[in-house]
Amino acid sequence: MATPNPEFYKEIAENGGAGVTMCFQCGTCTAGCPSSKETAYKTRKAMRMAQLGLKDELLNSDDIWQCTTCYTCEERCPRGVPIVDTVVAIRNIAVKNGKMYDAHKKTATNLVKYGHTVAINDDVKAQRAKLGLPEVPPTLLADDAALADFKKIISKVGFDKLVE
Amino acid sequence: MAKYAFFLGCIAPLRYPGIEKSTRVVAEALGLELVDLEGAGCCPAPGVIRSFDRTTWIASAARNLALAEKQGLDIVTICNGCYGSLFDAAHELHEDPELLKSVNEILAEVGLEYKGTTKVRHFAEVLYNEVGIENIKAKITKPLEYQVAAFYGCHFLKPSKIKEIDDPENPHILDDLIEATGAKSMPRQKKTLCCGSGGGVKAGFPNVAKAFTKTNLENIQASGAQYIIDVCPFCHLQFDTAQADLGFSIPVLHLSQLYGIAMGMDAAELGLSAHKVPVTL
Ligand code: SF4
Ligand code: SF4
């Protein structure tokens, strides 16, 4: 049987999910959640698990990663529970515990390398030129000093290590 | 002339440059000056990067906010994801002096400081609230007779308690913006349902994302709409790339592209060759 773990709840709270204590389990969130309709993830249940600090159940399942952060639940929650922040808190802890899907790692690696979540390529350069736009957009892609600054921030917060 | 720092993000400039181009042309026609936010990076993506590490997310967002602050300009974005990230990050930083202080310690590494003065705006909301429907109508040179689906996406209006743009359950602002061109926004079921791609779901669980998209496409098809009009390159990407697999073929246009058409832009300037679902005008 699952064992409540107040220490894990505390960790969720420290990562931005403190408000989950407000949840009184009405289920309004699950009822309107498009992900709860399509997957095994159930918003109300996840909020209860967060309150109880059910660490293994939350971290060893795909469920918490099925939320699209659409905020439908939060708009309707009668208790003002910060549901998305709670989901994000649990995900942050999962990542700190070494859990990151390969597809997500790819996006994160792009960010570390390019300062953007997708890479530029020759095809898009040609399309841009045809439209009369600069081949490389005027972001940090066109500014080495800005990209270097961005990378300094990334290594200061340790995101490069987290993604490795 | 109202002036904004133009925040490009990732998907528009790097996958659908026609959205960027149309925005530039349309803004100029409507008297909005867009100044490139040079050196900006990813917003960074709220669903993925914020899910991985909040500190990385807010520090990178704060860098973008600080770059705009240095120019003395508010930010305008053409993407719900960028809007979600930058607006939410600004909100947190403006409300929480301790957080602002700790983020500034990170920014100090690159000689930046964010004082907390940048406002973040969505292009669609600027069109509605600053330009106004009547002024937009006056600039329409080629009134449209399309029947279309208004696709709001999620982070344009939500969380509504901080964004306060429109009723997230029964919104009208995008419908009004669309109808200013003469096009008709068709009523449909589940109009505010998520496209499915947010929160890292598109990358991590593409079939789950597609299930959301399919429900949307069925409702859009049933409404009689000929085009999907979005205000987000990420919703745009999802609708444009998922349809072939799902057996649909409804062309997808960003609001800026729709406005470009209605303001007489040449089809070649709209960047439609980047679209997977062929667009015939
Ligand atoms: S709607 Fe709010 S109070 Fe009700 S179960 Fe969901 S999170 Fe808890
Ligand atoms: S934000 Fe997540 S939990 Fe809430 S309704 Fe949307 S998908 Fe469901």
# chains A, B, ... in the order shown; residues from 1 in each chain; ligands from 1
$ residues_around --residues "region 113-123 of chain A" --least-positions-apart "3" --cutoff "6 Å" --atoms "only C-alpha atoms" --output "PyMOL selection string"
(chain A and resi 107+110+126) or (chain B and resi 10+14+41-42)
$ residues_around --residues "Thr43 (chain A)" --least-positions-apart "4" --cutoff "10 Å" --atoms "only C-alpha atoms" --output "list in words"
Gln25, Gly27, Thr28, Cys29, Thr30, Ala31, Gly32, Cys33, Ser35, Ser36, Met47, Arg48, Met49, Asp63, Ile64, Cys67, Cys73, Ile83, Val84 and Val87 of chain A
$ write_last_selection --atoms "N, CA and C atoms" --output "PDB file, in the first residue's frame"
ATOM      1  N   GLN A  25     -10.845  17.823  -3.180  1.00  0.00           N
ATOM      2  CA  GLN A  25     -11.163  16.580  -3.893  1.00  0.00           C
ATOM      3  C   GLN A  25     -12.562  16.537  -4.503  1.00  0.00           C
ATOM      4  N   GLY A  27     -13.216  16.980  -7.746  1.00  0.00           N
ATOM      5  CA  GLY A  27     -13.150  16.316  -9.044  1.00  0.00           C
ATOM      6  C   GLY A  27     -13.542  17.181 -10.229  1.00  0.00           C
ATOM      7  N   THR A  28     -13.830  18.457  -9.997  1.00  0.00           N
ATOM      8  CA  THR A  28     -14.157  19.364 -11.117  1.00  0.00           C
ATOM      9  C   THR A  28     -13.029  19.379 -12.141  1.00  0.00           C
ATOM     10  N   CYS A  29     -11.806  19.329 -11.652  1.00  0.00           N
ATOM     11  CA  CYS A  29     -10.641  19.381 -12.550  1.00  0.00           C
ATOM     12  C   CYS A  29     -10.621  18.189 -13.501  1.00  0.00           C
ATOM     13  N   THR A  30     -10.775  16.994 -12.966  1.00  0.00           N
ATOM     14  CA  THR A  30     -10.748  15.796 -13.815  1.00  0.00           C
ATOM     15  C   THR A  30     -11.868  15.838 -14.849  1.00  0.00           C
ATOM     16  N   ALA A  31     -13.035  16.298 -14.412  1.00  0.00           N
ATOM     17  CA  ALA A  31     -14.203  16.303 -15.299  1.00  0.00           C
ATOM     18  C   ALA A  31     -13.951  17.118 -16.563  1.00  0.00           C
ATOM     19  N   GLY A  32     -13.181  18.199 -16.450  1.00  0.00           N
ATOM     20  CA  GLY A  32     -12.979  19.057 -17.619  1.00  0.00           C
ATOM     21  C   GLY A  32     -11.626  18.878 -18.267  1.00  0.00           C
ATOM     22  N   CYS A  33     -10.825  17.970 -17.759  1.00  0.00           N
ATOM     23  CA  CYS A  33      -9.437  17.849 -18.228  1.00  0.00           C
ATOM     24  C   CYS A  33      -9.354  17.006 -19.499  1.00  0.00           C
ATOM     25  N   SER A  35      -6.836  15.783 -20.913  1.00  0.00           N
ATOM     26  CA  SER A  35      -5.870  14.706 -20.777  1.00  0.00           C
ATOM     27  C   SER A  35      -6.441  13.560 -19.941  1.00  0.00           C
ATOM     28  N   SER A  36      -7.234  13.908 -18.929  1.00  0.00           N
ATOM     29  CA  SER A  36      -7.875  12.868 -18.123  1.00  0.00           C
ATOM     30  C   SER A  36      -8.855  12.062 -18.967  1.00  0.00           C
ATOM     31  N   MET A  47      -3.598  15.452  -7.568  1.00  0.00           N
ATOM     32  CA  MET A  47      -3.561  16.456  -6.499  1.00  0.00           C
ATOM     33  C   MET A  47      -3.582  15.774  -5.125  1.00  0.00           C
ATOM     34  N   ARG A  48      -4.375  14.703  -5.009  1.00  0.00           N
ATOM     35  CA  ARG A  48      -4.419  13.968  -3.735  1.00  0.00           C
ATOM     36  C   ARG A  48      -3.065  13.306  -3.456  1.00  0.00           C
ATOM     37  N   MET A  49      -2.486  12.740  -4.494  1.00  0.00           N
ATOM     38  CA  MET A  49      -1.183  12.097  -4.329  1.00  0.00           C
ATOM     39  C   MET A  49      -0.121  13.124  -3.923  1.00  0.00           C
ATOM     40  N   ASP A  63       2.052   9.460 -15.899  1.00  0.00           N
ATOM     41  CA  ASP A  63       0.818  10.247 -15.791  1.00  0.00           C
ATOM     42  C   ASP A  63       1.047  11.750 -15.706  1.00  0.00           C
ATOM     43  N   ILE A  64       1.937  12.151 -14.818  1.00  0.00           N
ATOM     44  CA  ILE A  64       2.119  13.572 -14.547  1.00  0.00           C
ATOM     45  C   ILE A  64       2.648  14.318 -15.785  1.00  0.00           C
ATOM     46  N   CYS A  67      -0.130  16.088 -18.839  1.00  0.00           N
ATOM     47  CA  CYS A  67      -0.848  17.368 -18.727  1.00  0.00           C
ATOM     48  C   CYS A  67      -0.274  18.340 -19.747  1.00  0.00           C
ATOM     49  N   CYS A  73      -8.554  23.235 -15.923  1.00  0.00           N
ATOM     50  CA  CYS A  73      -8.850  22.841 -14.546  1.00  0.00           C
ATOM     51  C   CYS A  73      -8.758  24.026 -13.584  1.00  0.00           C
ATOM     52  N   ILE A  83      -3.015  24.180  -9.838  1.00  0.00           N
ATOM     53  CA  ILE A  83      -2.851  22.804 -10.321  1.00  0.00           C
ATOM     54  C   ILE A  83      -1.629  22.683 -11.241  1.00  0.00           C
ATOM     55  N   VAL A  84      -1.511  23.624 -12.183  1.00  0.00           N
ATOM     56  CA  VAL A  84      -0.392  23.531 -13.127  1.00  0.00           C
ATOM     57  C   VAL A  84       0.935  23.701 -12.384  1.00  0.00           C
ATOM     58  N   VAL A  87       1.728  20.419 -10.824  1.00  0.00           N
ATOM     59  CA  VAL A  87       2.232  19.463 -11.825  1.00  0.00           C
ATOM     60  C   VAL A  87       3.684  19.802 -12.176  1.00  0.00           C
TER      61      VAL A  87
END
$ interface_residues --of "chain A" --to "chain B" --cutoff "7 Å" --atoms "only C-alpha atoms" --output "ChimeraX atom specification"
/A:38,66-71,75,88,91-92,95,101,103-104,108,115-118,120,124,128,131,137-140,143,146,149,153-154,156-157,159
$ atom_distance --atom1 "CA of Ile133 (chain B)" --atom2 "CA of Asp88 (chain B)"
27.0 Å
$ residues_around --residues "region 14-17 of chain A" --least-positions-apart "4" --cutoff "6 Å" --atoms "only C-alpha atoms" --output "list of chain:residue names"
A:Asp85, A:Thr86, A:Ala89
$ atom_distance --atom1 "CA of Thr117 (chain B)" --atom2 "CA of His94 (chain B)"
8.0 Å
$ atom_distance --atom1 "CA of Tyr41 (chain A)" --atom2 "atom 3 (S, counted along the ligand's line) of ligand 2"
8.2 Å
$ residues_around --residues "Gln147 (chain B)" --least-positions-apart "4" --cutoff "9 Å" --atoms "only C-alpha atoms" --output "MDAnalysis selection string"
chainID B and resid 183:186 224:227
$ write_last_selection --atoms "C-alpha atoms" --output "PDB file, in the first residue's frame"
ATOM      1  CA  ALA B 183     -14.745  36.435 -42.776  1.00  0.00           C
ATOM      2  CA  LYS B 184     -17.289  34.564 -40.702  1.00  0.00           C
ATOM      3  CA  SER B 185     -16.192  32.818 -37.514  1.00  0.00           C
ATOM      4  CA  MET B 186     -18.246  29.630 -37.376  1.00  0.00           C
ATOM      5  CA  GLY B 224     -18.256  24.161 -41.977  1.00  0.00           C
ATOM      6  CA  ALA B 225     -15.053  26.148 -41.488  1.00  0.00           C
ATOM      7  CA  GLN B 226     -12.673  26.253 -44.473  1.00  0.00           C
ATOM      8  CA  TYR B 227      -9.635  27.525 -42.553  1.00  0.00           C
TER       9      TYR B 227
END
$ select_by_dssp --residues "region 58-272 of chain B" --states "strand (DSSP E or B)" --output "CSV table (one decimal) with all heavy atoms, in the first residue's frame"
chain,number,residue,atom,x,y,z
B,75,ILE,N,7.0,44.3,-24.5
B,75,ILE,CA,7.2,43.2,-25.5
B,75,ILE,C,5.9,42.9,-26.2
B,75,ILE,O,4.8,42.9,-25.5
B,75,ILE,CB,7.7,42.0,-24.7
B,75,ILE,CG1,9.2,42.1,-24.5
B,75,ILE,CG2,7.4,40.7,-25.5
B,75,ILE,CD1,9.8,41.0,-23.7
B,76,VAL,N,5.9,42.6,-27.5
B,76,VAL,CA,4.8,42.0,-28.1
B,76,VAL,C,5.2,40.7,-28.7
B,76,VAL,O,6.3,40.5,-29.3
B,76,VAL,CB,4.2,43.0,-29.2
B,76,VAL,CG1,5.0,43.1,-30.4
B,76,VAL,CG2,2.8,42.5,-29.6
B,77,THR,N,4.3,39.7,-28.5
B,77,THR,CA,4.6,38.3,-29.1
B,77,THR,C,3.5,37.9,-30.0
B,77,THR,O,2.3,38.4,-29.8
B,77,THR,CB,4.8,37.3,-28.0
B,77,THR,OG1,3.5,36.6,-27.8
B,77,THR,CG2,5.2,37.8,-26.7
B,120,VAL,N,4.2,42.6,-20.9
B,120,VAL,CA,4.2,41.6,-22.0
B,120,VAL,C,2.8,41.6,-22.7
B,120,VAL,O,1.8,41.4,-22.0
B,120,VAL,CB,4.6,40.2,-21.5
B,120,VAL,CG1,4.6,39.2,-22.6
B,120,VAL,CG2,5.9,40.3,-20.8
B,121,ARG,N,2.8,41.8,-24.0
B,121,ARG,CA,1.5,41.8,-24.7
B,121,ARG,C,1.5,40.8,-25.8
B,121,ARG,O,2.5,40.4,-26.4
B,121,ARG,CB,1.4,43.2,-25.4
B,121,ARG,CG,1.6,44.4,-24.4
B,121,ARG,CD,0.5,44.7,-23.5
B,121,ARG,NE,-0.8,44.9,-24.1
B,121,ARG,CZ,-1.3,46.1,-24.4
B,121,ARG,NH1,-0.6,47.2,-24.1
B,121,ARG,NH2,-2.5,46.2,-25.0
B,122,HIS,N,0.3,40.3,-26.1
B,122,HIS,CA,0.0,39.4,-27.2
B,122,HIS,C,-0.4,40.2,-28.4
B,122,HIS,O,-1.3,41.1,-28.2
B,122,HIS,CB,-1.0,38.3,-26.9
B,122,HIS,CG,-1.1,37.2,-27.9
B,122,HIS,ND1,-1.4,37.4,-29.2
B,122,HIS,CD2,-0.8,35.9,-27.7
B,122,HIS,CE1,-1.4,36.2,-29.8
B,122,HIS,NE2,-1.1,35.3,-29.0
B,147,GLN,N,-15.4,31.2,-44.5
B,147,GLN,CA,-15.9,30.7,-43.2
B,147,GLN,C,-14.8,30.0,-42.4
B,147,GLN,O,-14.1,29.2,-43.0
B,147,GLN,CB,-17.0,29.7,-43.4
B,147,GLN,CG,-18.2,30.3,-44.2
B,147,GLN,CD,-19.4,29.3,-44.2
B,147,GLN,OE1,-19.2,28.1,-44.1
B,147,GLN,NE2,-20.6,29.8,-44.5
B,148,VAL,N,-14.5,30.5,-41.3
B,148,VAL,CA,-13.3,30.0,-40.6
B,148,VAL,C,-13.6,29.6,-39.1
B,148,VAL,O,-14.6,29.9,-38.6
B,148,VAL,CB,-12.2,31.1,-40.6
B,148,VAL,CG1,-11.9,31.6,-42.0
B,148,VAL,CG2,-12.5,32.2,-39.6
B,149,ALA,N,-12.6,28.8,-38.6
B,149,ALA,CA,-12.6,28.4,-37.2
B,149,ALA,C,-11.7,29.3,-36.4
B,149,ALA,O,-10.5,29.3,-36.7
B,149,ALA,CB,-12.3,27.0,-37.1
B,150,ALA,N,-12.1,30.0,-35.4
B,150,ALA,CA,-11.2,30.7,-34.5
B,150,ALA,C,-10.6,29.8,-33.5
B,150,ALA,O,-11.4,29.1,-32.7
B,150,ALA,CB,-12.0,31.8,-33.7
B,151,PHE,N,-9.3,29.6,-33.5
B,151,PHE,CA,-8.7,28.7,-32.5
B,151,PHE,C,-7.8,29.6,-31.6
B,151,PHE,O,-6.8,30.1,-31.9
B,151,PHE,CB,-7.8,27.7,-33.2
B,151,PHE,CG,-7.4,26.6,-32.3
B,151,PHE,CD1,-8.3,25.6,-32.0
B,151,PHE,CD2,-6.3,26.7,-31.6
B,151,PHE,CE1,-8.0,24.6,-31.1
B,151,PHE,CE2,-6.0,25.7,-30.6
B,151,PHE,CZ,-6.9,24.7,-30.4
B,184,LYS,N,-16.3,34.9,-41.7
B,184,LYS,CA,-17.3,34.6,-40.7
B,184,LYS,C,-16.7,33.5,-39.8
B,184,LYS,O,-16.2,32.5,-40.3
B,184,LYS,CB,-18.6,34.0,-41.4
B,184,LYS,CG,-19.6,33.7,-40.4
B,184,LYS,CD,-21.0,33.6,-41.0
B,184,LYS,CE,-22.1,33.1,-40.1
B,184,LYS,NZ,-22.0,33.5,-38.7
B,185,SER,N,-16.7,33.8,-38.5
B,185,SER,CA,-16.2,32.8,-37.5
B,185,SER,C,-17.3,31.9,-37.2
B,185,SER,O,-18.3,32.3,-36.6
B,185,SER,CB,-15.7,33.5,-36.3
B,185,SER,OG,-15.2,32.6,-35.3
B,227,TYR,N,-11.0,27.3,-43.0
B,227,TYR,CA,-9.6,27.5,-42.6
B,227,TYR,C,-9.6,27.5,-41.0
B,227,TYR,O,-10.7,27.8,-40.4
B,227,TYR,CB,-9.1,28.9,-43.0
B,227,TYR,CG,-9.1,29.1,-44.5
B,227,TYR,CD1,-10.1,29.6,-45.2
B,227,TYR,CD2,-7.9,28.8,-45.2
B,227,TYR,CE1,-10.1,29.8,-46.5
B,227,TYR,CE2,-7.8,29.0,-46.6
B,227,TYR,CZ,-8.9,29.5,-47.2
B,227,TYR,OH,-8.8,29.7,-48.6
B,228,ILE,N,-8.5,27.2,-40.5
B,228,ILE,CA,-8.3,27.3,-39.0
B,228,ILE,C,-7.5,28.5,-38.8
B,228,ILE,O,-6.4,28.7,-39.4
B,228,ILE,CB,-7.5,26.0,-38.5
B,228,ILE,CG1,-8.4,24.8,-38.7
B,228,ILE,CG2,-7.2,26.2,-37.0
B,228,ILE,CD1,-7.6,23.5,-38.5
B,229,ILE,N,-7.9,29.4,-38.0
B,229,ILE,CA,-7.2,30.7,-37.7
B,229,ILE,C,-6.7,30.6,-36.3
B,229,ILE,O,-7.5,30.6,-35.3
B,229,ILE,CB,-8.1,31.9,-37.9
B,229,ILE,CG1,-8.8,31.9,-39.3
B,229,ILE,CG2,-7.2,33.2,-37.7
B,229,ILE,CD1,-7.9,31.8,-40.5
B,230,ASP,N,-5.3,30.6,-36.1
B,230,ASP,CA,-4.8,30.5,-34.8
B,230,ASP,C,-4.0,31.8,-34.5
B,230,ASP,O,-3.9,32.7,-35.3
B,230,ASP,CB,-3.8,29.3,-34.8
B,230,ASP,CG,-2.6,29.5,-35.7
B,230,ASP,OD1,-1.7,30.3,-35.4
B,230,ASP,OD2,-2.6,28.9,-36.9
B,252,VAL,N,-4.3,25.9,-42.4
B,252,VAL,CA,-4.1,26.6,-41.2
B,252,VAL,C,-3.5,28.0,-41.4
B,252,VAL,O,-2.4,28.0,-42.1
B,252,VAL,CB,-3.2,25.8,-40.3
B,252,VAL,CG1,-3.1,26.4,-38.9
B,252,VAL,CG2,-3.7,24.3,-40.2
B,253,LEU,N,-4.0,29.0,-40.9
B,253,LEU,CA,-3.4,30.3,-41.0
B,253,LEU,C,-3.3,31.0,-39.6
B,253,LEU,O,-4.2,30.9,-38.8
B,253,LEU,CB,-4.3,31.2,-41.9
B,253,LEU,CG,-4.4,30.9,-43.4
B,253,LEU,CD1,-5.5,31.7,-44.0
B,253,LEU,CD2,-3.1,31.1,-44.1
B,254,HIS,N,-2.2,31.7,-39.4
B,254,HIS,CA,-2.1,32.5,-38.2
B,254,HIS,C,-2.9,33.8,-38.5
B,254,HIS,O,-3.0,34.2,-39.7
B,254,HIS,CB,-0.6,32.9,-38.0
B,254,HIS,CG,-0.3,33.6,-36.7
B,254,HIS,ND1,-0.5,34.9,-36.6
B,254,HIS,CD2,0.1,33.1,-35.5
B,254,HIS,CE1,-0.1,35.3,-35.3
B,254,HIS,NE2,0.3,34.2,-34.7
$ decode --residues "region 179-210 of chain B" --atoms "N, CA and C atoms" --output "mmCIF file, in the first residue's frame"
data_model
loop_
_atom_site.group_PDB
_atom_site.id
_atom_site.type_symbol
_atom_site.label_atom_id
_atom_site.label_comp_id
_atom_site.auth_asym_id
_atom_site.auth_seq_id
_atom_site.Cartn_x
_atom_site.Cartn_y
_atom_site.Cartn_z
ATOM 1 N N GLU B 179 -13.713 38.584 -37.749
ATOM 2 C CA GLU B 179 -14.865 39.112 -38.489
ATOM 3 C C GLU B 179 -14.617 40.526 -38.992
ATOM 4 N N ALA B 180 -13.618 41.204 -38.429
ATOM 5 C CA ALA B 180 -13.241 42.525 -38.948
ATOM 6 C C ALA B 180 -12.766 42.438 -40.402
ATOM 7 N N THR B 181 -12.338 41.256 -40.834
ATOM 8 C CA THR B 181 -11.876 41.089 -42.227
ATOM 9 C C THR B 181 -13.022 40.771 -43.175
ATOM 10 N N GLY B 182 -14.208 40.558 -42.620
ATOM 11 C CA GLY B 182 -15.346 40.143 -43.435
ATOM 12 C C GLY B 182 -15.600 38.647 -43.352
ATOM 13 N N ALA B 183 -14.576 37.891 -42.910
ATOM 14 C CA ALA B 183 -14.745 36.435 -42.776
ATOM 15 C C ALA B 183 -15.752 36.135 -41.671
ATOM 16 N N LYS B 184 -16.328 34.946 -41.742
ATOM 17 C CA LYS B 184 -17.289 34.564 -40.702
ATOM 18 C C LYS B 184 -16.666 33.515 -39.794
ATOM 19 N N SER B 185 -16.698 33.787 -38.483
ATOM 20 C CA SER B 185 -16.192 32.818 -37.514
ATOM 21 C C SER B 185 -17.325 31.868 -37.156
ATOM 22 N N MET B 186 -17.163 30.594 -37.531
ATOM 23 C CA MET B 186 -18.246 29.630 -37.376
ATOM 24 C C MET B 186 -18.325 29.102 -35.944
ATOM 25 N N PRO B 187 -19.525 29.074 -35.369
ATOM 26 C CA PRO B 187 -19.661 28.492 -34.023
ATOM 27 C C PRO B 187 -19.376 26.992 -34.081
ATOM 28 N N ARG B 188 -18.796 26.471 -33.008
ATOM 29 C CA ARG B 188 -18.543 25.024 -32.985
ATOM 30 C C ARG B 188 -18.483 24.531 -31.547
ATOM 31 N N GLN B 189 -18.478 23.203 -31.427
ATOM 32 C CA GLN B 189 -18.376 22.564 -30.123
ATOM 33 C C GLN B 189 -16.955 22.677 -29.585
ATOM 34 N N LYS B 190 -16.823 22.764 -28.280
ATOM 35 C CA LYS B 190 -15.525 22.714 -27.600
ATOM 36 C C LYS B 190 -14.495 23.654 -28.222
ATOM 37 N N LYS B 191 -14.917 24.873 -28.377
ATOM 38 C CA LYS B 191 -14.090 25.862 -29.059
ATOM 39 C C LYS B 191 -12.781 26.144 -28.330
ATOM 40 N N THR B 192 -12.787 25.975 -27.009
ATOM 41 C CA THR B 192 -11.584 26.338 -26.246
ATOM 42 C C THR B 192 -10.735 25.117 -25.881
ATOM 43 N N LEU B 193 -11.024 23.974 -26.505
ATOM 44 C CA LEU B 193 -10.212 22.781 -26.231
ATOM 45 C C LEU B 193 -8.776 22.971 -26.740
ATOM 46 N N CYS B 194 -7.836 22.606 -25.892
ATOM 47 C CA CYS B 194 -6.395 22.660 -26.180
ATOM 48 C C CYS B 194 -6.056 21.912 -27.478
ATOM 49 N N CYS B 195 -5.067 22.383 -28.226
ATOM 50 C CA CYS B 195 -4.664 21.688 -29.462
ATOM 51 C C CYS B 195 -3.989 20.355 -29.152
ATOM 52 N N GLY B 196 -3.449 20.237 -27.937
ATOM 53 C CA GLY B 196 -2.835 18.977 -27.513
ATOM 54 C C GLY B 196 -1.320 19.011 -27.405
ATOM 55 N N SER B 197 -0.711 20.074 -27.917
ATOM 56 C CA SER B 197 0.753 20.019 -28.040
ATOM 57 C C SER B 197 1.507 20.592 -26.849
ATOM 58 N N GLY B 198 0.810 21.277 -25.941
ATOM 59 C CA GLY B 198 1.516 21.953 -24.839
ATOM 60 C C GLY B 198 2.068 20.997 -23.794
ATOM 61 N N GLY B 199 2.810 21.574 -22.862
ATOM 62 C CA GLY B 199 3.256 20.826 -21.683
ATOM 63 C C GLY B 199 4.236 19.713 -21.990
ATOM 64 N N GLY B 200 4.842 19.744 -23.173
ATOM 65 C CA GLY B 200 5.774 18.673 -23.525
ATOM 66 C C GLY B 200 5.063 17.434 -24.047
ATOM 67 N N VAL B 201 3.735 17.511 -24.207
ATOM 68 C CA VAL B 201 2.975 16.335 -24.645
ATOM 69 C C VAL B 201 3.237 16.033 -26.125
ATOM 70 N N LYS B 202 3.372 17.078 -26.934
ATOM 71 C CA LYS B 202 3.641 16.845 -28.368
ATOM 72 C C LYS B 202 4.934 16.045 -28.546
ATOM 73 N N ALA B 203 5.983 16.444 -27.832
ATOM 74 C CA ALA B 203 7.260 15.742 -27.974
ATOM 75 C C ALA B 203 7.209 14.378 -27.273
ATOM 76 N N GLY B 204 6.672 14.350 -26.062
ATOM 77 C CA GLY B 204 6.743 13.143 -25.242
ATOM 78 C C GLY B 204 5.711 12.087 -25.600
ATOM 79 N N PHE B 205 4.508 12.539 -25.922
ATOM 80 C CA PHE B 205 3.405 11.601 -26.172
ATOM 81 C C PHE B 205 2.597 12.075 -27.378
ATOM 82 N N PRO B 206 3.197 11.993 -28.559
ATOM 83 C CA PRO B 206 2.555 12.572 -29.748
ATOM 84 C C PRO B 206 1.160 12.026 -30.016
ATOM 85 N N ASN B 207 0.901 10.783 -29.644
ATOM 86 C CA ASN B 207 -0.444 10.246 -29.908
ATOM 87 C C ASN B 207 -1.500 10.848 -28.996
ATOM 88 N N VAL B 208 -1.093 11.212 -27.794
ATOM 89 C CA VAL B 208 -2.025 11.900 -26.897
ATOM 90 C C VAL B 208 -2.333 13.283 -27.477
ATOM 91 N N ALA B 209 -1.283 13.971 -27.913
ATOM 92 C CA ALA B 209 -1.484 15.299 -28.526
ATOM 93 C C ALA B 209 -2.439 15.178 -29.714
ATOM 94 N N LYS B 210 -2.224 14.153 -30.525
ATOM 95 C CA LYS B 210 -3.064 13.985 -31.721
ATOM 96 C C LYS B 210 -4.520 13.681 -31.372
#
